[in-house]
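Asker: Can you keep this structure in mind? I'll have questions shortly.
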Amino acid sequence: MEKSRDEGALVPVETQGLQIQAPKEVAGGIPAVISSIKHATKKSGLIKGARTLLRVNQLAGFDCPGCAWPDPKHRAMAEFCENGAKAVADEAMKASVDADFFKQHTIEELTRWSDYELNGAGRIAEPMVLRQGASNYETIEWDEAFELIGKTLRGLDSPNEAIFYTSGRTSNEAAFMYQLMVREFGTNNMPDCSNMCHESSGVGLGESIGIGKGTVTLEDFDKADTIFILGQNPGTNHPRMLTALQGAKRNGATIVTLNPLKEAGLTSFIHPQEVTTLMGGGTKLTDLHLPVKINGDVAALQGIMKVMLERHQTEACLDTDFIESKTNGFDEFAKHIESVSWQEIEESSGLRRSDLEAVAEIAIKAERLIACWAMGLTQHKNGVANVQEVVNFLLLRGQIGRPGAGACPVRGHSNVQGDRTVGIVEKPPAHLIKGLADYFGIEVPTEHGFDTVHAIQAMLDGRGKVFIGMGGNFLSATPDTQATAGALRQCELTVHISTKLNRSHLVHGKHALILPCLGRTEIDIQNGRLQFVTVENSMGVVHASRGGNKPASAKLRSEPQIVAGMARAVSPGSKISWESLATDYGKVRDAIEACVPGFENYNDRVRNPHGFELPNGPRVGKFNTPDGRAQFKVHQIPASDLKDGELMMMTIRTHDQYNTTIYGLDDRYRGVMNGRRVVLINAKDRERLGFQAGQRVDIISSYDKVRRAPEFVLVDYEIPPGSVATYFPETNVLVPLSEFAHKSNTPASKSIRVTLAKH
Ligand SMILES: Nc1nc2c(c(=O)[nH]1)N[C@H]1C(S)=C(S)[C@@H](COP(=O)(O)OP(=O)(O)OC[C@H]3O[C@@H](n4cnc5c(=O)[nH]c(N)nc54)[C@H](O)[C@@H]3O)O[C@H]1N2
Ligand SMILES: Nc1nc2c(c(=O)[nH]1)N[C@H]1C(S)=C(S)[C@@H](COP(=O)(O)OP(=O)(O)OC[C@H]3O[C@@H](n4cnc5c(=O)[nH]c(N)nc54)[C@H](O)[C@@H]3O)O[C@H]1N2
Ligand SMILES: [Mo]
């Protein structure tokens, strides 16, 4: 049967077969083990699947491409992780996307495949080109592909007409070479997946504490007596974090969660490697869950701090020594908090004063408190304010720069933090400009480049003419799918360095290239010598990663090799010895050491099996802000002004996806099985709006009343009134390009105003 299509989102529509079960209360356990073995053996065969799983996060193995959560130093064997296993199995698939595959399937036909089917086609086997006007990709030799890139880039009126995107799986070595190539060519147009991700954390923390990174290490979780988790679903997205939380719980820690949803992974956890806990129903994790409304966090945090400040009047409960000696802006901040009314706090947070008082009570007692957060805080117009409100909260009791305490933005992509550290950034810092100029003798452009939303704008209005993506799936990951599709189609050339087929390969410029690369799990030999790469985890630890699988195809090249190939074609007179960098990654590390602070003796230190920690001022009580102090920041509570019939929609991940890569069709913990086109809605909202449970609706954007995402099934769910949840990337078509966070430009993909209509 011909599937119907969502022409806006450019995806087929499938709602048949959806099954709804009760949401789960416990994460992990035997179901997680079974699920990962199923994925591993189905995708890569029994033996290869099992062998690969054994090598994840081993000291001599590769860094899991799943997420950026660090590895414990005391592990005896690989920490089991269901979703890490899925990521690894997915990369271990056969290389069946080859010349034959593309002969059989036209682009037009492939656009009718679902994201699940596209990913399921296997690894990409060889370089492919789509020539102008052709209906199918065909093979191309590597050198010819590089020459096409070189010729097109050299033919531009200005280097600023080219856009170089990066997704966060790229190693430090490949990322450093990539930014070097881009800067030698002459632009800083380097949008990055972190623009859509933790940019609000980077900007917010940078202003408040002088470093755009978290301040805790994994060991701090053993010491913390209180952990706050805001806007994060670790059971699905950072499963190994549950082990750390379990450890903290066993040491007596109290866990508080702020989330519109009661996520299974936050409620209770059974460690899959601990059969003994199976009988008991797992370790209870959350002690107090606050079902905050979507984007109610500024209000909730201000409410909590209002209680703390008031209490301090009668009974000292703030760290006044810390506030006086280490911070700035407290008086103005305290005045502001005093002025906000409980009515505003309750309305905007959707929480009761008594609940916030209970949380404040916990915070006042906490001697060592860690606050963790992820996309639930960053992807709002006030994403930077959310992050800074968390910092304000920590500063009140001096919970930064002490063991067991601090800020913990939990990163997504496994090397998104490292990519930034080594230079993937559209606003190059002074040390990098000087470092690259001194070490390589190149002239580094200083004009700021485009980030993600501005790159889309630039391609739309003709200022951007070539798009190159180092990994990722730009079309499906970015806001406003229609606009981004239009942007890519206007390009002279679109190039994707990829491991798997995705929708960005199908929505292309006049010419298009797919350049297939080795994955993290694969053996990388250059010049007869085994290479390894390095990555930085979410807590600023840099360590090595060595692949162990045979490459999926003999025609794959490593990312450093691909960058070197492009660089030689783009800058034929280059002063840089690209060949030597691409055949000895140790030389790339030497260059990073020379250009980026904190990498002294990189090649030696990274040979330590546990890697090394990059410098982190706040961790040791030093704030690298202009006045050397941490800053209290004043933010207004965002207006909560939904119109009649309007709902606030967040776009989240299922348990069976990795961003735009769809591994399977189940969201097991939430009980949504065999389908993705659902709206999780409060039954009271559904009834008020006159819909039946299970009814099919269209979702309509409030920003652009024309934009509809058709045919979603309404599912009654425990979610605060006025808030609804859907899965991305299907609903990215509704995320407006014009709604992004103040200062960080992160698309507001967790607060989208919508209405529903009968389908
Ligand atoms: N298996 C798997 N692992 C992954 C990924 C994946 O797709 N699959 N992606 C990786 C990447 S790149 C990232 S960035 C991370 C993402 O990790 P998460 O941030 O955990 O991912 P999301 O699914 O976006 O979930 C956001 C959570 O925030 C809550 N939330 C939404 N809006 C609000 C709000 O306004 N306030 C509060 N307090 N909470 C809110 C949602 O209910 C949800 O629990 O995971 C990484 N790891
Ligand atoms: N509505 C909405 N949109 C969002 C989000 C949201 O929560 N809601 N989250 C945002 C976030 S947090 C992020 S990080 C972005 C993610 O945006 P991206 O990073 O652009 O997207 P991914 O889906 O992670 O990219 C998947 C593709 O990467 C390629 N790939 C995988 N491994 C490798 C590798 O080792 N090397 C290379 N070269 N390629 C590889 C494969 O071809 C695969 O198809 O999406 C953002 N978009
Ligand atoms: Mo992310």
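Numbering starts fresh at 1 for the residues of each chain in the structure tokens, the chains themselves are lettered A, B, ... in the order given, and ligands are numbered from 1 as they appear.
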Can you pull out every residue from segment 243-390 of chain A that DSSP, working from the backbone, puts in alpha helix (DSSP H), and format the result as number ranges by chain?

Answerer: A: 243-250, 264-267, 297-314, 320-326, 330-339, 342-349, 353-365, 375-378, 383-390

Asker: Can you pull out every residue within 7 Å of segment 713-720 of chain A, counting only C-alpha atoms, but drop anything in the same chain fewer than 5 positions away, and send it as an MDAnalysis selection string?

Answerer: chainID A and resid 260:261 291 293 677:683 693:697

Asker: Could the residues in this selection be saved with C-alpha atoms as a compact mmCIF listing (two decimals), in the first residue's frame?

Answerer:
# COMPACT_ATOMS: atom_id res chain seq x y z
CA PRO A 260 7.04 17.60 32.99
CA LEU A 261 7.22 13.80 32.64
CA PRO A 291 6.08 17.96 37.34
CA LYS A 293 5.18 22.87 33.16
CA ARG A 677 3.41 9.82 15.44
CA VAL A 678 1.82 10.47 18.83
CA VAL A 679 0.95 13.49 20.95
CA LEU A 680 1.32 12.80 24.67
CA ILE A 681 -1.44 14.91 26.21
CA ASN A 682 -3.11 15.42 29.58
CA ALA A 683 -6.56 13.76 29.46
CA ALA A 693 -8.28 9.27 23.27
CA GLY A 694 -6.66 7.60 20.28
CA GLN A 695 -8.11 10.15 17.87
CA ARG A 696 -5.98 11.29 14.94
CA VAL A 697 -5.20 15.00 14.87

Asker: Just the strand (DSSP E or B) stuff from segment 348-398 of chain A, please, per backbone DSSP, written as a PyMOL selection string.

Answerer: chain A and resi 369-373

Asker: For the interface of chain A with ligand 1 (cut-off 6 Å, counting only C-alpha atoms and all ligand atoms), please tabulate each contacting residue of chain A alongside its nearest pair of atoms and their separation in Å to one decimal, rows sorted by chain and increasing number, as CSV.

Answerer:
residue,atom,partner,partner_atom_place_in_ligand_line,distance
A:Gly66,CA,ligand 1,3 (N),5.8
A:Cys67,CA,ligand 1,47 (N),4.7
A:Asn83,CA,ligand 1,1 (N),4.8
A:Cys197,CA,ligand 1,14 (S),5.3
A:Leu230,CA,ligand 1,38 (N),4.7
A:Gly231,CA,ligand 1,39 (N),3.1
A:Gln232,CA,ligand 1,20 (O),3.7
A:Asn233,CA,ligand 1,20 (O),3.7
A:Pro234,CA,ligand 1,20 (O),5.4
A:Thr236,CA,ligand 1,1 (N),5.2
A:Asn237,CA,ligand 1,3 (N),3.4
A:His238,CA,ligand 1,47 (N),5.5
A:Leu258,CA,ligand 1,38 (N),4.7
A:Asn259,CA,ligand 1,39 (N),4.0
A:Pro260,CA,ligand 1,42 (O),5.2
A:Leu261,CA,ligand 1,42 (O),4.9
A:Ile294,CA,ligand 1,35 (O),3.6
A:Asn295,CA,ligand 1,35 (O),3.5
A:Gly296,CA,ligand 1,35 (O),6.0
A:Asp297,CA,ligand 1,36 (N),5.7
A:Ala374,CA,ligand 1,19 (O),4.0
A:Met375,CA,ligand 1,19 (O),3.6
A:Gly376,CA,ligand 1,28 (O),3.4
A:Leu377,CA,ligand 1,36 (N),5.5
A:Arg411,CA,ligand 1,14 (S),5.7
A:Gly412,CA,ligand 1,11 (C),3.2
A:His413,CA,ligand 1,12 (S),4.4
A:Met650,CA,ligand 1,32 (N),5.6
A:Ile652,CA,ligand 1,23 (O),3.8
A:Arg653,CA,ligand 1,23 (O),3.8
A:Gln657,CA,ligand 1,8 (N),5.0
A:Tyr658,CA,ligand 1,7 (O),3.3
A:Asn659,CA,ligand 1,7 (O),3.7
A:Lys750,CA,ligand 1,32 (N),5.2

Asker: When you count only C-alpha atoms and all ligand atoms, which of these residues is closest to ligand 2: A:Arg619, A:Lys213, A:Arg676, A:Arg169?

Answerer: A:Arg169
